[in-house]
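Here is work22.txt, consisting of compact mmCIF, C-alpha atoms:
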# COMPACT_ATOMS: atom_id res chain seq x y z
CA MET A 930 48.14 28.16 -15.30
CA GLN A 931 50.89 26.24 -13.57
CA LEU A 932 51.13 22.54 -12.68
CA ARG A 933 52.78 21.52 -9.44
CA PRO A 934 52.91 18.20 -7.56
CA PHE A 935 49.68 17.21 -5.80
CA GLU A 936 50.38 17.46 -2.06
CA PRO A 937 48.46 16.58 1.12
CA ALA A 938 47.73 20.31 1.58
CA ASP A 939 45.62 20.07 -1.62
CA ASP A 940 43.34 17.34 -0.27
CA ALA A 941 40.70 19.61 1.29
CA ALA A 942 40.16 21.56 -1.93
CA LEU A 943 39.93 18.45 -4.12
CA ILE A 944 37.58 16.71 -1.68
CA SER A 945 35.33 19.79 -1.59
CA TRP A 946 35.01 19.77 -5.39
CA LEU A 947 33.46 16.27 -5.33
CA ARG A 948 30.12 16.76 -3.61
CA THR A 949 28.22 13.63 -4.71
CA PRO A 950 28.97 9.97 -5.50
CA GLU A 951 28.12 10.73 -9.14
CA GLU A 952 30.68 13.55 -9.34
CA LEU A 953 33.32 11.26 -7.80
CA TYR A 954 32.50 8.51 -10.34
CA ILE A 955 32.85 10.93 -13.26
CA PHE A 956 36.21 12.05 -11.81
CA THR A 957 37.69 8.61 -11.12
CA GLY A 958 35.47 5.80 -12.33
CA PRO A 959 35.16 2.93 -9.84
CA ARG A 960 38.62 3.23 -8.20
CA LEU A 961 37.78 5.63 -5.35
CA THR A 962 34.77 5.58 -3.02
CA PHE A 963 32.51 8.33 -1.72
CA PRO A 964 33.09 10.20 0.41
CA LEU A 965 36.60 10.83 -0.83
CA ASP A 966 39.16 11.20 1.95
CA SER A 967 42.87 11.84 2.47
CA ALA A 968 43.64 8.14 2.95
CA GLN A 969 42.45 7.42 -0.60
CA LEU A 970 44.42 10.40 -1.91
CA ASP A 971 47.54 9.17 -0.08
CA GLU A 972 47.21 5.92 -2.07
CA ILE A 973 47.23 7.94 -5.28
CA ARG A 974 50.35 9.82 -4.18
CA ALA A 975 52.04 6.52 -3.25
CA ASP A 976 51.43 4.93 -6.68
CA ALA A 977 54.80 5.01 -8.47
CA THR A 978 53.14 4.65 -11.90
CA LEU A 979 51.37 7.99 -11.71
CA THR A 980 52.19 11.64 -11.33
CA PRO A 981 49.35 13.70 -9.85
CA PHE A 982 49.31 17.47 -10.36
CA THR A 983 47.47 20.41 -8.86
CA ALA A 984 46.76 23.20 -11.34
CA THR A 985 47.05 26.70 -9.98
CA VAL A 986 46.17 30.18 -11.19
CA ASP A 987 47.72 33.04 -9.23
CA GLY A 988 48.69 30.54 -6.53
CA ALA A 989 45.14 29.23 -6.00
CA ALA A 990 44.31 25.57 -6.69
CA VAL A 991 41.85 25.38 -9.59
CA GLY A 992 42.23 21.83 -10.89
CA HIS A 993 43.65 18.34 -10.65
CA ILE A 994 45.08 16.01 -13.32
CA GLU A 995 47.27 12.91 -13.43
CA LEU A 996 49.67 11.25 -15.85
CA VAL A 997 49.84 7.46 -15.50
CA SER A 998 52.80 5.66 -17.02
CA THR A 999 51.62 2.78 -19.22
CA GLY A 1000 54.94 1.81 -20.78
CA GLU A 1001 57.95 3.28 -22.51
CA ALA A 1002 57.01 6.68 -23.99
CA ARG A 1003 53.33 5.98 -23.20
CA ALA A 1004 50.95 7.40 -20.63
CA ARG A 1005 47.30 7.83 -19.78
CA ILE A 1006 45.70 11.06 -18.62
CA ALA A 1007 43.55 10.35 -15.58
CA ARG A 1008 41.34 12.05 -13.00
CA VAL A 1009 40.81 15.43 -14.61
CA LEU A 1010 38.87 17.99 -12.58
CA VAL A 1011 38.37 21.74 -12.45
CA ASP A 1012 37.00 23.47 -9.35
CA PRO A 1013 33.21 23.61 -9.96
CA GLU A 1014 33.22 27.32 -9.02
CA ARG A 1015 35.70 27.96 -11.86
CA GLN A 1016 34.16 25.80 -14.60
CA GLY A 1017 33.12 27.52 -17.81
CA GLN A 1018 36.22 29.78 -17.81
CA GLY A 1019 38.37 27.74 -20.19
CA LEU A 1020 40.42 26.23 -17.38
CA GLY A 1021 39.77 22.65 -18.50
CA GLU A 1022 41.43 23.32 -21.84
CA GLN A 1023 44.32 25.12 -20.15
CA LEU A 1024 44.72 22.19 -17.74
CA LEU A 1025 44.85 19.67 -20.56
CA ARG A 1026 47.24 21.76 -22.64
CA ALA A 1027 49.52 22.06 -19.59
CA VAL A 1028 49.61 18.30 -19.06
CA LEU A 1029 50.15 17.72 -22.80
CA GLY A 1030 53.21 19.98 -22.52
CA GLU A 1031 54.40 18.03 -19.48
CA ALA A 1032 53.96 14.77 -21.42
CA ARG A 1033 56.00 16.12 -24.36
CA GLU A 1034 58.78 17.19 -21.97
CA ARG A 1035 58.85 13.64 -20.60
CA GLY A 1036 59.16 12.16 -24.09
CA ILE A 1037 55.71 10.60 -24.07
CA ARG A 1038 54.64 9.81 -27.63
CA ARG A 1039 51.36 7.98 -27.02
CA LEU A 1040 48.64 9.40 -24.76
CA THR A 1041 45.34 7.77 -23.94
CA LEU A 1042 42.49 8.46 -21.54
CA ARG A 1043 39.20 7.00 -20.30
CA VAL A 1044 36.05 9.04 -19.96
CA VAL A 1045 32.52 8.33 -18.78
CA PRO A 1046 30.40 8.18 -21.98
CA THR A 1047 27.83 10.63 -20.58
CA ASN A 1048 30.47 13.33 -19.93
CA ALA A 1049 29.77 15.15 -23.19
CA ARG A 1050 31.62 18.36 -22.25
CA ALA A 1051 34.83 16.46 -21.51
CA ILE A 1052 34.54 14.35 -24.66
CA ALA A 1053 34.06 17.47 -26.80
CA LEU A 1054 37.16 19.06 -25.23
CA TYR A 1055 39.25 15.92 -25.74
CA GLU A 1056 38.15 15.77 -29.39
CA LYS A 1057 39.01 19.47 -29.83
CA LEU A 1058 42.54 18.67 -28.62
CA GLY A 1059 42.94 15.75 -31.06
CA PHE A 1060 41.78 12.71 -29.09
CA VAL A 1061 39.71 10.14 -30.94
CA LEU A 1062 37.46 7.37 -29.65
CA THR A 1063 39.20 4.00 -29.96
CA GLY A 1064 36.82 1.73 -28.06
CA THR A 1065 35.20 1.05 -24.72
CA GLU A 1066 36.31 -0.79 -21.60
CA GLU A 1067 34.44 -1.44 -18.37
CA GLY A 1068 31.75 1.07 -19.36
CA MET A 1069 34.25 3.84 -20.16
CA ASN A 1070 35.11 5.39 -23.53
CA LEU A 1071 38.76 4.92 -24.50
CA MET A 1072 40.37 7.80 -26.37
CA GLU A 1073 43.83 8.28 -27.85
CA LEU A 1074 45.63 11.41 -28.96
CA ARG A 1075 46.34 11.29 -32.66
CA ALA A 1076 49.03 13.65 -33.88
CA GLY A 1077 47.67 15.78 -36.63
Give the structure from this file in structure tokens form.
Amino acid sequence: MQLRPFEPADDAALISWLRTPEELYIFTGPRLTFPLDSAQLDEIRADATLTPFTATVDGAAVGHIELVSTGEARARIARVLVDPERQGQGLGEQLLRAVLGEARERGIRRLTLRVVPTNARAIALYEKLGFVLTGTEEGMNLMELRAG
């Protein structure tokens, strides 16, 4: 799996992966509105505090993930998604491990994330990778990576 910058050419794939308002909410929380469109994705690309990535396997887009700067040597992982047709193949773990490597390369020492409390599969994966629940905010679970 490779990470590359999220580009306008990736919009159609990402939009197609989010088929319902509920899927969009799990992906982004309340920030974006259904139906997702390129104008909303352009706003993400224009946000200087975040770095959005497209994950590829053999050149094909299979996922999306973002790193959001939250201070010196700190970041939050945001908007994590694997193509629904490719879920259940271990790509979510590969995606997260790839962004963890990217974070290390950038000198990030503290990583957090927010996740919808009902997203049990994501929570289990985050816990497997060392994230622990630290609280809740605006109806979302807050998790932080604890070095082991």
**Study point:** Within 8 Å of region 1056-1072 of chain A using only C-alpha atoms, minus same-chain residues under 3 positions, as a PyMOL selection string
**Key:** chain A and resi 1041-1046+1052-1053+1075-1077
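Here CA of Asp976 (chain A) stands at a distance of 27.3 Å from CA of Leu1054 (chain A).
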Residues within 9 Å of Pro937 (chain A), please, as a PDB file with C-alpha atoms, in the frame of the given file. Count only C-alpha atoms; anything in the same chain fewer than 4 positions from it doesn't count.
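Below is the file that was written, around_23.pdb:
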ATOM      1  CA  ALA A 941      40.700  19.610   1.290  1.00  0.00           C
ATOM      2  CA  SER A 967      42.870  11.840   2.470  1.00  0.00           C
ATOM      3  CA  LEU A 970      44.420  10.400  -1.910  1.00  0.00           C
ATOM      4  CA  ASP A 971      47.540   9.170  -0.080  1.00  0.00           C
ATOM      5  CA  ARG A 974      50.350   9.820  -4.180  1.00  0.00           C
TER       6      ARG A 974
END
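Distance annotation: of A:Asp966, A:Phe956, A:Ala989, A:Leu996, the residue with the minimal separation from Arg1033 (chain A) is A:Leu996; atom set is only C-alpha atoms.
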Practice item. May I have the protein, DNA and RNA residues with any atom at most 12 Å from the point (49.2, 20.7, -24.5), counting all atoms listed in the file, written as a ChimeraX atom specification? Key: /A:930,1006,1021-1034,1040,1055,1057-1060,1074,1076
**Study point:** Residue neighbourhood Glu995 (chain A), 10 Å, all atoms listed in the file, exclusion window fewer than 2 positions, as a list in words
**Key:** Pro934, Phe935, Ile973, Leu979, Thr980, Pro981, Phe982, Thr983, His993, Val997, Ser998, Ala1004, Arg1005, Ile1006, Ala1007, Arg1008, Val1009, Leu1010 and Val1028 of chain A
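Our summary of the geometry notes that CA of Thr985 (chain A) is positioned 16.0 Å from CA of Ser945 (chain A).
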Practice item. Can you work out the spacing between CA of Ala977 (chain A) and CA of Thr999 (chain A) in Å, to one decimal? Key: 11.4 Å
Review point. Near Phe963 (chain A), counting only C-alpha atoms, which residues have an atom at most 10 Å away, once you skip same-chain residues fewer than 2 positions from it, shown as a list in words?
Key: Ile944, Leu947, Arg948, Thr949, Pro950, Glu951, Glu952, Leu953, Tyr954, Leu961, Leu965 and Asp966 of chain A
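Distances from A:Leu943, A:Ala990, A:Ile955, A:Ala968 to Gln931 (chain A) were compared using all atoms listed in the file, and the smallest one belongs to A:Ala990.
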